[in-house]
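Have a look at protein28.txt below; it lists compact mmCIF, C-alpha atoms.
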# COMPACT_ATOMS: atom_id res chain seq x y z
CA MET N 4 0.00 0.00 0.00
CA GLN N 5 1.46 3.32 -0.91
CA ALA N 6 0.60 6.71 0.51
CA VAL N 7 -1.90 8.33 -1.80
CA GLN N 8 -2.25 12.07 -2.07
CA ILE N 9 -3.62 12.52 -5.52
CA THR N 10 -6.42 15.01 -5.95
CA ARG N 11 -9.32 15.63 -8.29
CA ASN N 12 -10.86 19.09 -8.62
CA GLY N 13 -9.06 20.05 -5.42
CA ARG N 14 -10.44 17.10 -3.44
CA PRO N 15 -9.00 13.64 -2.77
CA ALA N 16 -9.23 11.50 -5.89
CA ILE N 17 -9.80 8.46 -3.71
CA PRO N 18 -12.82 8.76 -1.41
CA ASN N 19 -12.63 8.77 2.35
CA SER N 20 -13.60 5.47 3.86
CA PRO N 21 -14.73 4.49 7.35
CA THR N 22 -12.14 1.69 7.18
CA ASN N 23 -8.82 1.55 5.33
CA PHE N 24 -8.61 -1.20 2.74
CA SER N 25 -5.17 -2.14 4.08
CA SER N 26 -6.76 -3.07 7.42
CA LYS N 27 -8.30 -6.08 5.68
CA PHE N 28 -4.83 -7.54 5.29
CA VAL N 29 -3.49 -7.97 8.79
CA GLY N 30 -0.70 -10.06 10.26
CA GLY N 31 1.58 -9.75 7.23
CA ALA N 32 -1.10 -10.75 4.72
CA GLU N 33 -0.93 -8.87 1.42
CA LEU N 34 -2.66 -8.81 -1.92
CA ARG N 35 -0.43 -10.47 -4.49
CA ALA N 36 -0.75 -11.30 -8.15
CA VAL N 37 -0.50 -14.89 -9.31
CA VAL N 38 -0.24 -16.03 -12.92
CA ILE N 39 -0.81 -13.29 -15.50
CA ASP N 40 -3.27 -14.62 -18.04
CA ALA N 41 -4.46 -11.33 -19.53
CA LEU N 42 -2.90 -8.21 -20.94
CA GLN N 43 -5.52 -5.49 -20.56
CA VAL N 44 -4.67 -2.60 -22.83
CA ASN N 45 -6.41 0.73 -22.47
CA VAL N 46 -5.76 2.28 -25.85
CA GLY N 47 -6.99 5.73 -24.89
CA LYS N 48 -9.58 8.02 -23.42
CA LEU N 49 -11.26 9.06 -26.65
CA CYS N 50 -14.90 8.01 -26.72
CA ASN N 51 -18.08 8.98 -28.55
CA GLN N 52 -19.91 9.00 -25.21
CA ALA N 53 -19.34 10.66 -21.84
CA CYS N 54 -21.08 8.36 -19.34
CA LYS N 55 -21.79 9.60 -15.84
CA HIS N 56 -20.11 6.65 -14.17
CA CYS N 57 -17.01 6.46 -16.38
CA HIS N 58 -13.85 5.77 -14.39
CA VAL N 59 -11.74 6.74 -17.39
CA ASP N 60 -13.24 10.23 -17.79
CA ALA N 61 -13.52 9.30 -21.43
CA SER N 62 -15.31 11.62 -23.86
CA PRO N 63 -15.23 12.92 -27.45
CA LYS N 64 -12.97 15.75 -26.27
CA ARG N 65 -10.16 13.51 -25.05
CA THR N 66 -7.09 13.24 -27.28
CA GLU N 67 -5.04 10.55 -25.51
CA ILE N 68 -4.69 7.56 -27.85
CA MET N 69 -2.15 4.77 -28.15
CA SER N 70 0.54 5.03 -30.82
CA ARG N 71 1.47 2.30 -33.33
CA GLU N 72 4.83 1.94 -31.57
CA THR N 73 3.15 1.14 -28.24
CA ILE N 74 0.70 -1.24 -29.91
CA ASP N 75 3.65 -3.06 -31.48
CA ALA N 76 5.25 -3.36 -28.04
CA CYS N 77 2.03 -4.91 -26.71
CA LEU N 78 1.98 -7.33 -29.64
CA LYS N 79 5.60 -8.32 -28.96
CA VAL N 80 4.76 -9.07 -25.33
CA LEU N 81 1.74 -11.13 -26.35
CA GLN N 82 3.86 -13.10 -28.79
CA LYS N 83 6.90 -13.53 -26.58
CA TYR N 84 5.11 -14.68 -23.43
CA LYS N 85 2.11 -16.37 -25.05
CA ILE N 86 -0.25 -14.49 -22.76
CA PRO N 87 -3.60 -16.18 -23.36
CA THR N 88 -5.86 -13.11 -23.46
CA LEU N 89 -5.67 -9.61 -24.88
CA ASP N 90 -8.38 -7.40 -23.37
CA ILE N 91 -8.74 -4.13 -25.29
CA THR N 92 -10.52 -1.26 -23.61
CA GLY N 93 -10.77 2.54 -23.66
CA GLY N 94 -12.56 4.97 -24.18
CA ALA N 95 -14.11 3.53 -27.25
CA PRO N 96 -11.07 1.56 -28.47
CA GLU N 97 -12.48 1.35 -32.00
CA MET N 98 -11.94 5.10 -32.40
CA ILE N 99 -8.15 5.04 -32.37
CA PRO N 100 -6.61 4.86 -35.85
CA ASP N 101 -4.69 1.63 -35.22
CA PHE N 102 -7.47 -0.35 -33.54
CA ARG N 103 -8.05 -2.70 -36.44
CA TYR N 104 -4.32 -3.18 -36.94
CA PHE N 105 -4.04 -4.13 -33.26
CA VAL N 106 -6.85 -6.67 -33.44
CA THR N 107 -5.79 -8.31 -36.71
CA GLU N 108 -2.15 -8.59 -35.62
CA ALA N 109 -3.11 -9.87 -32.18
CA GLU N 110 -5.32 -12.50 -33.76
CA LYS N 111 -2.21 -13.91 -35.46
CA THR N 112 -0.55 -14.48 -32.07
CA GLY N 113 -3.31 -16.92 -31.12
CA ALA N 114 -4.39 -14.89 -28.13
CA LYS N 115 -8.06 -14.70 -27.28
CA ILE N 116 -9.14 -11.14 -28.03
CA ILE N 117 -11.71 -9.32 -25.93
CA VAL N 118 -12.98 -5.93 -27.07
CA ARG N 119 -14.87 -3.76 -24.60
CA HIS N 120 -17.37 -2.21 -26.94
CA ASN N 121 -19.86 0.53 -26.07
CA LEU N 122 -22.28 -0.44 -28.91
CA THR N 123 -23.04 3.11 -30.06
CA VAL N 124 -19.60 3.59 -31.63
CA MET N 125 -20.92 1.31 -34.36
CA PHE N 126 -22.87 4.31 -35.68
CA GLU N 127 -19.84 6.56 -35.98
CA GLU N 128 -18.21 7.26 -39.34
CA ASN N 129 -16.47 4.22 -40.89
CA GLN N 130 -17.53 1.95 -38.03
CA THR N 131 -20.71 0.39 -39.38
CA ASP N 132 -18.91 -2.83 -40.35
CA LEU N 133 -17.64 -3.47 -36.83
CA PRO N 134 -19.81 -6.59 -36.34
CA GLU N 135 -18.25 -8.19 -39.43
CA PHE N 136 -14.77 -7.07 -38.38
CA PHE N 137 -15.19 -8.51 -34.90
CA ALA N 138 -16.50 -11.77 -36.34
CA GLU N 139 -13.65 -12.10 -38.85
CA ASN N 140 -11.16 -11.85 -36.01
CA LYS N 141 -13.20 -14.00 -33.62
CA ALA N 142 -13.07 -11.26 -31.02
CA GLU N 143 -15.16 -11.72 -27.91
CA VAL N 144 -17.29 -8.62 -27.54
CA VAL N 145 -18.18 -7.27 -24.12
CA CYS N 146 -20.85 -4.60 -24.35
CA SER N 147 -22.05 -2.08 -21.82
CA LEU N 148 -25.78 -2.12 -21.20
CA PRO N 149 -26.60 -1.02 -17.66
CA TYR N 150 -30.26 -1.97 -17.87
CA PHE N 151 -32.81 -3.43 -20.24
CA LEU N 152 -34.89 -0.24 -20.21
CA GLN N 153 -34.32 3.11 -21.87
CA THR N 154 -34.81 5.37 -18.84
CA GLN N 155 -32.02 3.87 -16.77
CA THR N 156 -29.61 3.37 -19.67
CA ASP N 157 -29.99 6.89 -21.04
CA ALA N 158 -29.74 8.37 -17.53
CA GLN N 159 -26.28 6.91 -17.20
CA ARG N 160 -24.95 6.87 -20.75
CA GLY N 161 -26.70 9.79 -22.45
CA ALA N 162 -29.90 10.52 -24.36
CA GLY N 163 -30.55 8.18 -27.24
CA VAL N 164 -27.93 5.62 -26.20
CA PHE N 165 -30.42 2.89 -25.36
CA ASP N 166 -32.11 2.82 -28.77
CA LYS N 167 -28.76 2.79 -30.55
CA SER N 168 -27.50 0.06 -28.23
CA ILE N 169 -30.43 -2.19 -29.03
CA GLU N 170 -29.96 -1.60 -32.75
CA ALA N 171 -26.25 -2.41 -32.38
CA LEU N 172 -27.05 -5.61 -30.48
CA LYS N 173 -29.38 -6.64 -33.29
CA ARG N 174 -26.60 -6.08 -35.80
CA LEU N 175 -24.22 -8.19 -33.69
CA ASN N 176 -26.86 -10.93 -33.49
CA ALA N 177 -27.30 -10.70 -37.26
CA VAL N 178 -23.68 -11.76 -37.88
CA GLY N 179 -23.96 -14.53 -35.30
CA TYR N 180 -22.83 -12.89 -32.07
CA GLY N 181 -24.70 -14.33 -29.11
CA ILE N 182 -26.04 -17.09 -31.36
CA ASP N 183 -23.08 -18.88 -33.02
CA GLU N 184 -21.12 -20.56 -30.23
CA LYS N 185 -17.84 -19.24 -31.64
CA LEU N 186 -18.99 -15.62 -31.49
CA VAL N 187 -19.34 -14.60 -27.88
CA LEU N 188 -21.39 -11.56 -26.97
CA ASN N 189 -21.33 -10.67 -23.29
CA LEU N 190 -23.13 -7.79 -21.64
CA VAL N 191 -22.14 -5.66 -18.68
CA TYR N 192 -24.65 -4.51 -16.09
CA ASN N 193 -23.64 -1.80 -13.69
CA PRO N 194 -25.93 0.01 -11.25
CA VAL N 195 -27.48 3.26 -12.42
CA GLY N 196 -26.87 4.98 -9.10
CA ALA N 197 -25.28 4.55 -5.69
CA PHE N 198 -26.15 0.96 -4.99
CA LEU N 199 -24.62 -2.49 -5.43
CA PRO N 200 -25.36 -4.82 -8.35
CA PRO N 201 -27.87 -7.66 -7.98
CA ALA N 202 -26.83 -11.31 -7.92
CA GLN N 203 -25.34 -11.93 -11.36
CA THR N 204 -27.34 -15.05 -12.19
CA ALA N 205 -30.63 -13.39 -11.19
CA ILE N 206 -30.16 -10.21 -13.22
CA GLU N 207 -28.76 -12.20 -16.15
CA ALA N 208 -32.02 -14.16 -16.25
CA ASP N 209 -34.00 -10.89 -16.18
CA PHE N 210 -31.91 -9.43 -19.02
CA ARG N 211 -32.23 -12.60 -21.08
CA ARG N 212 -36.01 -12.68 -20.71
CA GLU N 213 -36.58 -8.94 -21.21
CA LEU N 214 -34.18 -8.44 -24.13
CA LYS N 215 -35.62 -11.45 -25.92
CA THR N 216 -39.28 -10.62 -25.43
CA ARG N 217 -39.02 -6.87 -25.90
CA TYR N 218 -36.38 -6.62 -28.64
CA ASP N 219 -35.58 -10.17 -29.83
CA VAL N 220 -31.94 -9.74 -28.74
CA SER N 221 -29.75 -12.67 -27.63
CA PHE N 222 -26.47 -12.71 -25.72
CA ASN N 223 -24.20 -15.20 -23.96
CA ASN N 224 -23.42 -13.96 -20.46
CA LEU N 225 -24.10 -10.92 -18.39
CA PHE N 226 -21.39 -9.57 -16.07
CA THR N 227 -22.30 -7.44 -13.07
CA ILE N 228 -19.77 -4.72 -12.32
CA THR N 229 -19.81 -2.47 -9.27
CA ASN N 230 -19.35 1.22 -9.92
CA MET N 231 -15.87 2.25 -8.82
CA PRO N 232 -15.85 5.35 -6.57
CA ILE N 233 -13.29 7.29 -8.59
CA ALA N 234 -13.22 9.83 -11.41
CA ARG N 235 -16.54 10.90 -12.93
CA TYR N 236 -18.58 8.54 -10.78
CA LEU N 237 -16.95 9.98 -7.65
CA ASP N 238 -17.88 13.47 -8.90
CA TRP N 239 -21.49 12.30 -9.16
CA LEU N 240 -21.40 10.69 -5.70
CA ARG N 241 -20.20 14.00 -4.29
CA ARG N 242 -22.72 16.11 -6.19
CA SER N 243 -25.56 13.85 -5.11
CA LYS N 244 -24.24 13.64 -1.53
CA ASN N 245 -23.88 9.88 -1.74
CA GLU N 246 -20.12 9.57 -1.24
CA GLU N 247 -20.18 8.73 2.46
CA SER N 248 -23.12 6.32 2.33
CA TYR N 249 -21.76 4.57 -0.79
CA MET N 250 -18.37 4.03 0.80
CA ARG N 251 -20.05 2.75 3.96
CA LYS N 252 -22.07 0.38 1.81
CA LEU N 253 -18.93 -0.93 0.05
CA VAL N 254 -17.05 -1.35 3.32
CA ASN N 255 -19.95 -3.07 5.10
CA ALA N 256 -20.32 -5.44 2.15
CA PHE N 257 -16.61 -6.39 2.13
CA ASN N 258 -16.45 -10.08 1.31
CA PRO N 259 -13.12 -11.87 1.97
CA ALA N 260 -14.20 -14.62 -0.44
CA THR N 261 -13.73 -12.17 -3.34
CA ILE N 262 -9.99 -11.75 -2.78
CA GLU N 263 -8.93 -14.92 -4.52
CA GLY N 264 -10.72 -13.98 -7.74
CA LEU N 265 -9.78 -10.31 -7.97
CA MET N 266 -8.80 -9.42 -11.52
CA CYS N 267 -5.65 -7.56 -10.45
CA ARG N 268 -4.19 -10.93 -9.49
CA ASN N 269 -4.35 -12.25 -13.04
CA LEU N 270 -3.76 -9.33 -15.35
CA ILE N 271 -1.48 -6.46 -16.18
CA SER N 272 -3.02 -3.19 -17.25
CA VAL N 273 -1.33 -1.03 -19.89
CA ASP N 274 -2.13 2.64 -20.46
CA TRP N 275 -2.09 4.54 -23.77
CA LEU N 276 1.56 5.49 -23.20
CA GLY N 277 2.61 1.95 -22.40
CA ASN N 278 2.86 2.32 -18.62
CA LEU N 279 2.00 -0.74 -16.55
CA PHE N 280 -0.54 -0.84 -13.72
CA ASP N 281 -2.19 -3.42 -11.51
CA CYS N 282 -5.62 -2.66 -12.96
CA ASP N 283 -7.53 -0.13 -15.09
CA PHE N 284 -8.72 1.69 -11.96
CA ASN N 285 -5.21 2.15 -10.59
CA GLN N 286 -4.25 3.31 -14.06
CA MET N 287 -6.80 6.13 -13.94
CA LEU N 288 -5.61 7.12 -10.47
CA GLU N 289 -1.99 6.92 -11.65
CA LEU N 290 -1.25 4.52 -8.80
CA SER N 291 1.86 2.96 -10.21
CA ILE N 292 2.90 -0.65 -10.06
CA ASP N 293 5.58 -1.60 -7.49
CA LYS N 294 8.48 0.72 -8.33
CA ASN N 295 10.99 -2.12 -8.19
CA LEU N 296 9.33 -3.82 -11.14
CA PRO N 297 9.29 -3.07 -14.88
CA GLN N 298 7.20 0.06 -15.37
CA THR N 299 6.33 -0.04 -19.07
CA ILE N 300 5.36 -2.44 -21.84
CA PHE N 301 8.75 -1.70 -23.39
CA ASP N 302 10.63 -3.38 -20.52
CA PHE N 303 7.95 -5.97 -19.73
CA ASP N 304 9.23 -9.04 -17.87
CA LEU N 305 6.59 -11.62 -17.07
CA GLU N 306 8.59 -13.45 -14.45
CA LYS N 307 9.16 -10.28 -12.46
CA LEU N 308 5.56 -9.15 -12.73
CA GLU N 309 3.95 -12.37 -11.60
CA ASN N 310 3.50 -12.72 -7.86
CA ARG N 311 4.01 -8.97 -7.44
CA GLN N 312 2.43 -7.12 -4.56
CA ILE N 313 -0.64 -5.19 -5.73
CA THR N 314 -0.90 -1.47 -5.06
CA THR N 315 -4.15 -0.87 -3.17
CA ALA N 316 -6.14 2.02 -1.73
CA ASN N 317 -9.66 2.55 -0.46
CA HIS N 318 -11.24 2.45 -3.94
CA CYS N 319 -10.40 -1.29 -3.90
CA PHE N 320 -13.48 -1.82 -1.74
CA GLY N 321 -15.34 -1.44 -5.05
CA CYS N 322 -14.05 -4.85 -6.18
CA THR N 323 -14.56 -6.68 -2.87
CA ALA N 324 -18.15 -5.74 -2.01
CA GLY N 325 -20.83 -8.41 -2.03
CA SER N 326 -20.19 -10.92 -4.79
CA GLY N 327 -17.18 -8.87 -5.88
CA SER N 328 -16.53 -7.18 -9.18
CA SER N 329 -14.12 -7.64 -12.03
CA CYS N 330 -14.01 -7.11 -15.77
CA GLY N 331 -15.54 -10.58 -15.97
CA GLY N 332 -18.29 -9.78 -13.48
CA ALA N 333 -18.89 -11.22 -10.03
CA VAL N 334 -16.03 -13.20 -8.51
CA ALA N 335 -17.72 -14.91 -5.55
CA ALA N 336 -21.08 -16.50 -4.88
CA MET J 2 -34.51 16.94 17.73
CA HIS J 3 -36.42 15.18 14.97
CA TYR J 4 -38.61 12.16 15.62
CA TYR J 5 -36.97 10.52 12.61
CA ASN J 6 -33.20 10.80 12.06
CA GLU J 7 -31.66 9.31 8.91
CA GLU J 8 -28.62 8.18 10.89
CA ASP J 9 -30.79 6.08 13.20
CA LEU J 10 -31.18 3.42 10.52
CA GLY J 11 -27.51 2.59 10.97
CA ARG J 12 -28.02 2.48 14.74
CA PHE J 13 -30.68 -0.22 14.62
CA GLY J 14 -28.31 -2.57 16.44
CA ASP J 15 -28.39 -0.27 19.47
CA ILE J 16 -31.82 -1.71 20.24
CA ALA J 17 -29.92 -4.75 21.55
CA LYS J 18 -28.56 -2.64 24.39
CA TYR J 19 -31.17 -3.58 26.98
CA LYS J 20 -32.30 -6.95 25.69
CA PRO J 21 -29.65 -8.44 23.40
CA GLU J 22 -31.07 -11.95 23.28
CA LEU J 23 -34.41 -10.74 21.93
CA PHE J 24 -32.78 -8.54 19.30
CA GLU J 25 -30.56 -11.43 18.23
CA LYS J 26 -33.60 -13.60 17.72
CA PHE J 27 -35.37 -10.83 15.83
CA LEU J 28 -32.33 -10.24 13.61
CA ALA J 29 -31.92 -13.92 12.77
CA TRP J 30 -35.59 -14.10 11.83
CA TYR J 31 -35.52 -10.81 9.91
CA GLN J 32 -32.49 -11.84 7.88
CA ALA J 33 -33.68 -15.39 7.25
CA CYS J 34 -36.96 -14.05 5.87
CA GLN J 35 -35.06 -12.20 3.15
CA GLU J 36 -32.98 -15.12 1.94
CA GLU J 37 -33.67 -16.83 -1.37
CA GLY J 38 -36.32 -19.52 -0.91
CA ALA J 39 -39.52 -20.45 -2.70
CA LEU J 40 -39.59 -16.73 -3.50
CA SER J 41 -36.61 -14.97 -5.06
CA LYS J 42 -34.73 -12.26 -3.19
CA ARG J 43 -36.08 -9.78 -5.70
CA GLU J 44 -39.69 -10.77 -4.99
CA LYS J 45 -39.06 -10.59 -1.27
CA ALA J 46 -37.51 -7.14 -1.55
CA LEU J 47 -40.58 -5.93 -3.46
CA ILE J 48 -42.88 -7.38 -0.78
CA GLY J 49 -40.72 -5.66 1.84
CA LEU J 50 -41.05 -2.35 -0.01
CA ALA J 51 -44.81 -2.71 -0.32
CA VAL J 52 -45.16 -3.46 3.38
CA ALA J 53 -42.75 -0.67 4.29
CA VAL J 54 -44.90 1.87 2.43
CA THR J 55 -48.02 0.43 4.03
CA VAL J 56 -46.67 0.66 7.57
CA GLN J 57 -45.16 4.05 6.65
CA CYS J 58 -41.77 3.29 8.16
CA PRO J 59 -39.24 5.72 6.64
CA TYR J 60 -36.32 3.50 7.61
CA CYS J 61 -37.88 0.44 5.99
CA ILE J 62 -38.82 2.43 2.89
CA GLU J 63 -35.22 3.53 2.38
CA ALA J 64 -33.85 0.08 3.17
CA PHE J 65 -36.22 -1.80 0.87
CA THR J 66 -35.93 0.76 -1.94
CA ASN J 67 -32.19 0.08 -1.95
CA SER J 68 -32.75 -3.63 -1.53
CA SER J 69 -35.15 -3.67 -4.49
CA LEU J 70 -32.66 -1.79 -6.68
CA GLU J 71 -29.85 -4.10 -5.57
CA ASN J 72 -31.94 -7.07 -6.58
CA GLY J 73 -32.51 -5.71 -10.07
CA SER J 74 -35.94 -4.10 -9.81
CA ASN J 75 -36.76 -0.82 -11.48
CA MET J 76 -39.02 2.02 -10.38
CA GLU J 77 -41.86 0.87 -12.61
CA GLN J 78 -41.94 -2.51 -10.87
CA MET J 79 -41.45 -0.95 -7.45
CA THR J 80 -44.27 1.52 -8.09
CA GLU J 81 -46.61 -1.30 -9.07
CA ALA J 82 -45.80 -3.06 -5.79
CA MET J 83 -46.42 0.14 -3.83
CA HIS J 84 -49.71 0.76 -5.65
CA LEU J 85 -50.92 -2.76 -4.89
CA ALA J 86 -50.11 -2.36 -1.19
CA SER J 87 -51.77 1.04 -1.10
CA ALA J 88 -54.81 -0.21 -2.99
CA ILE J 89 -55.22 -3.05 -0.50
CA ARG J 90 -54.94 -0.52 2.28
CA GLY J 91 -57.53 1.69 0.59
CA GLY J 92 -59.74 -1.31 -0.05
CA ALA J 93 -59.42 -2.31 3.59
CA SER J 94 -60.86 1.06 4.55
CA LEU J 95 -63.53 0.98 1.91
CA ILE J 96 -64.78 -2.51 2.81
CA HIS J 97 -65.59 -1.12 6.24
CA GLY J 98 -68.11 1.05 4.46
CA ILE J 99 -70.28 -2.07 4.40
CA GLN J 100 -70.42 -1.78 8.17
CA SER J 101 -71.79 1.69 7.65
CA HIS J 102 -74.32 0.28 5.22
CA ASN J 103 -75.23 -2.36 7.79
CA ALA J 104 -75.55 0.21 10.55
CA HIS J 105 -77.60 2.43 8.29
CA ASP J 106 -79.86 -0.39 7.22
CA LYS J 107 -80.41 -1.47 10.81
CA VAL J 108 -81.86 1.90 11.83
CA SER J 109 -83.50 2.84 8.60
CA MET J 110 -86.95 2.03 7.24

So that I can check it, write out the structure of this file as structure tokens.
Amino acid sequence: MQAVQITRNGRPAIPNSPTNFSSKFVGGAELRAVVIDALQVNVGKLCNQACKHCHVDASPKRTEIMSRETIDACLKVLQKYKIPTLDITGGAPEMIPDFRYFVTEAEKTGAKIIVRHNLTVMFEENQTDLPEFFAENKAEVVCSLPYFLQTQTDAQRGAGVFDKSIEALKRLNAVGYGIDEKLVLNLVYNPVGAFLPPAQTAIEADFRRELKTRYDVSFNNLFTITNMPIARYLDWLRRSKNEESYMRKLVNAFNPATIEGLMCRNLISVDWLGNLFDCDFNQMLELSIDKNLPQTIFDFDLEKLENRQITTANHCFGCTAGSGSSCGGAVAA
Amino acid sequence: MHYYNEEDLGRFGDIAKYKPELFEKFLAWYQACQEEGALSKREKALIGLAVAVTVQCPYCIEAFTNSSLENGSNMEQMTEAMHLASAIRGGASLIHGIQSHNAHDKVSM
């Protein structure tokens, strides 16, 4: 655990908490990585949306995007270490100029490719063939859809997003996503407000029933993700005077059974400049990886990075509450 | 001093102060009732919300609103549950009007 003094709009960038996350690891216990089976690459903060809960602060105004040189370094690491999964996120990763190069070259390495796709980017210029492109490269698509109704979805992601999202899902279904077993279409639920997600299996069943009957949309799995109390979501918590109660809720719901499955234990996160982090959230807070370890994708060393101690702070309660939260959804029953 | 303080919801456990064994029994019962069973947790949270509105307990209303949201319900569903509870409550009043009819009929020609 490192001392954290970073600020956001003149206030702490990590919320106050009634209990320090480090207190959950007593008697010499620490949070450590194990085997790294995913390289999660955040290719930039540029996005066609500006969602209220976004931990990246992504928006159409952002200019940070990954260069070809950094993408090539990621590809080299994938190839050299045979890391099983490449998880591409943003922003809207499809909006960077070298996105398709990254995916097609990564596909040649044999890695499983996951693209975190916001659905509406499909309606941007030169992006209408994304379903076909994803299918050609057998990319697993993970799509944000916070709820199966318009009101909640638009409240979080912007006016008109729900209708476009449903249309995009239909287009993905049309090329086989969510239907053909080789084309995996997963959805992400996250709460539209200051509360915890439902049990993943229960809300998945609701989504499956409602999306099918209302819109004839199919998908494979639904992942529940807890909103992380940082960045734009933290701004909202503060504006709505929910910061204290939300942190209390996260702390009270701390579940030790989530620790084993925390995503930071199995991945390395890369930012648009090539810097390495323990997870995408730490990346946004600029909480660096252990300073004694390789710091960038250019000096990546798998052996040194495995079993590393994870940098934690109080925002980590967001991944350990209730059934836990990761990029693959709940991590405990 | 207010009769209802928001912070008091978090102090519910203080009720154990003078009779801990009774509160323990209550808490075990209260929590067990909300577990998944023949009814889902979502259904139980909606029942809890409907009852909370009916008994007009501000603490329960807040707790079961959150519980309903955290079990995947939306405001449309929650509002239907609240309407049903309120309609039953209204109906319970209105059915007593028959007693008025009866009383009227008894003394009337």

> Near stretch 87-100 of chain J, counting all atoms listed in the file, which residues have an atom at most 8 Å away, once you skip same-chain residues fewer than 2 positions from it, shown as a PyMOL selection string?
Replying inline: chain J and resi 51+54-55+83-85+102-104

> Hey, can you check how far atom CA of J:Ser41 sits from atom CA of J:Ala82?
Replying inline: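 Separating atom CA of J:Ser41 from atom CA of J:Ala82 is a distance of 15.1 Å.
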
>> From the options N:Phe226, N:Tyr180, N:Phe284, N:Phe151, which residue's atoms come nearest to chain J, counting only C-alpha atoms?
In response: N:Phe151

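The list of chain N residues within 8 Å of chain J is Phe198, Leu199, Pro200, Pro201, Ala202, Ala205 and Ile206 of chain N; this uses all atoms listed in the file.
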
>> So that I can see what lies close to stretch 116-125 of chain N, please list as a VMD selection string the residues with an atom at most 9 Å from it, counting all atoms listed in the file and leaving out residues fewer than 4 positions away in the same chain.
In response: chain N and resid 50 to 52 87 to 98 106 109 to 110 129 to 134 137 140 to 148 164 to 165 167 to 172

Do a neighbour search on N:Leu253 at 7 Å with only C-alpha atoms, toss out local chain neighbours closer than 4 positions, and write the hits as a PDB file with C-alpha atoms, in the frame of the given file.
ATOM      1  CA  TYR N 249     -21.760   4.570  -0.790  1.00  0.00           C
ATOM      2  CA  PHE N 257     -16.610  -6.390   2.130  1.00  0.00           C
ATOM      3  CA  PHE N 320     -13.480  -1.820  -1.740  1.00  0.00           C
ATOM      4  CA  GLY N 321     -15.340  -1.440  -5.050  1.00  0.00           C
ATOM      5  CA  ALA N 324     -18.150  -5.740  -2.010  1.00  0.00           C
TER       6      ALA N 324
END

Kindly list the centre and edge lengths in Å, rounded to one decimal, for the axis-aligned box that covers all listed atoms of stretch 62-80 of chain J plus 8 Å on each of its six sides, as AutoDock Vina command-line options.
--center_x -37.1 --center_y -1.8 --center_z -4.7 --size_x 30.4 --size_y 26.6 --size_z 31.8

Please list as a compact mmCIF listing (two decimals) with C-alpha atoms, in the frame of the given file every residue within 12 Å of stretch 10-19 of chain J, counting only C-alpha atoms and excluding residues in the same chain fewer than 5 positions away.
# COMPACT_ATOMS: atom_id res chain seq x y z
CA SER N 248 -23.12 6.32 2.33
CA ARG N 251 -20.05 2.75 3.96
CA LYS N 252 -22.07 0.38 1.81
CA ASN N 255 -19.95 -3.07 5.10
CA TYR J 5 -36.97 10.52 12.61
CA PHE J 24 -32.78 -8.54 19.30
CA GLU J 25 -30.56 -11.43 18.23
CA LYS J 26 -33.60 -13.60 17.72
CA PHE J 27 -35.37 -10.83 15.83
CA LEU J 28 -32.33 -10.24 13.61
CA CYS J 58 -41.77 3.29 8.16
CA PRO J 59 -39.24 5.72 6.64
CA TYR J 60 -36.32 3.50 7.61
CA CYS J 61 -37.88 0.44 5.99
CA ILE J 62 -38.82 2.43 2.89
CA GLU J 63 -35.22 3.53 2.38
CA ALA J 64 -33.85 0.08 3.17

> Within 6 Å of stretch 260-271 of chain N, counting all atoms listed in the file, which residues qualify if same-chain residues fewer than 2 places away don't, as a list of chain:residue names?
Replying inline: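 That gives N:Ala36, N:Val37, N:Val38, N:Ile39, N:Asp40, N:Ala41, N:Leu42, N:Asn258, N:Asp281, N:Cys282, N:Thr323, N:Gly327, N:Ser329, N:Val334, N:Ala335.
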
>> Report, in Å to a single decimal, how far apart atom CA of N:Asn223 and atom CA of N:Leu188 are.
In response: 5.5 Å

What would stretch 123-130 of chain N look like with N, CA and C atoms in place, written as a compact mmCIF listing (two decimals), in the frame of the given file?
# COMPACT_ATOMS: atom_id res chain seq x y z
N THR N 123 -22.65 1.96 -29.23
CA THR N 123 -23.04 3.11 -30.06
C THR N 123 -21.93 3.56 -31.02
N VAL N 124 -20.70 3.19 -30.73
CA VAL N 124 -19.60 3.59 -31.63
C VAL N 124 -19.80 3.01 -33.02
N MET N 125 -20.61 1.95 -33.07
CA MET N 125 -20.92 1.31 -34.36
C MET N 125 -21.60 2.27 -35.34
N PHE N 126 -22.17 3.36 -34.83
CA PHE N 126 -22.87 4.31 -35.68
C PHE N 126 -22.02 5.53 -36.04
N GLU N 127 -20.76 5.49 -35.61
CA GLU N 127 -19.84 6.56 -35.98
C GLU N 127 -19.32 6.31 -37.40
N GLU N 128 -18.72 7.35 -37.96
CA GLU N 128 -18.21 7.26 -39.34
C GLU N 128 -17.22 6.10 -39.49
N ASN N 129 -17.37 5.35 -40.56
CA ASN N 129 -16.47 4.22 -40.89
C ASN N 129 -16.47 3.10 -39.86
N GLN N 130 -17.51 3.00 -39.06
CA GLN N 130 -17.53 1.95 -38.03
C GLN N 130 -18.71 0.98 -38.21
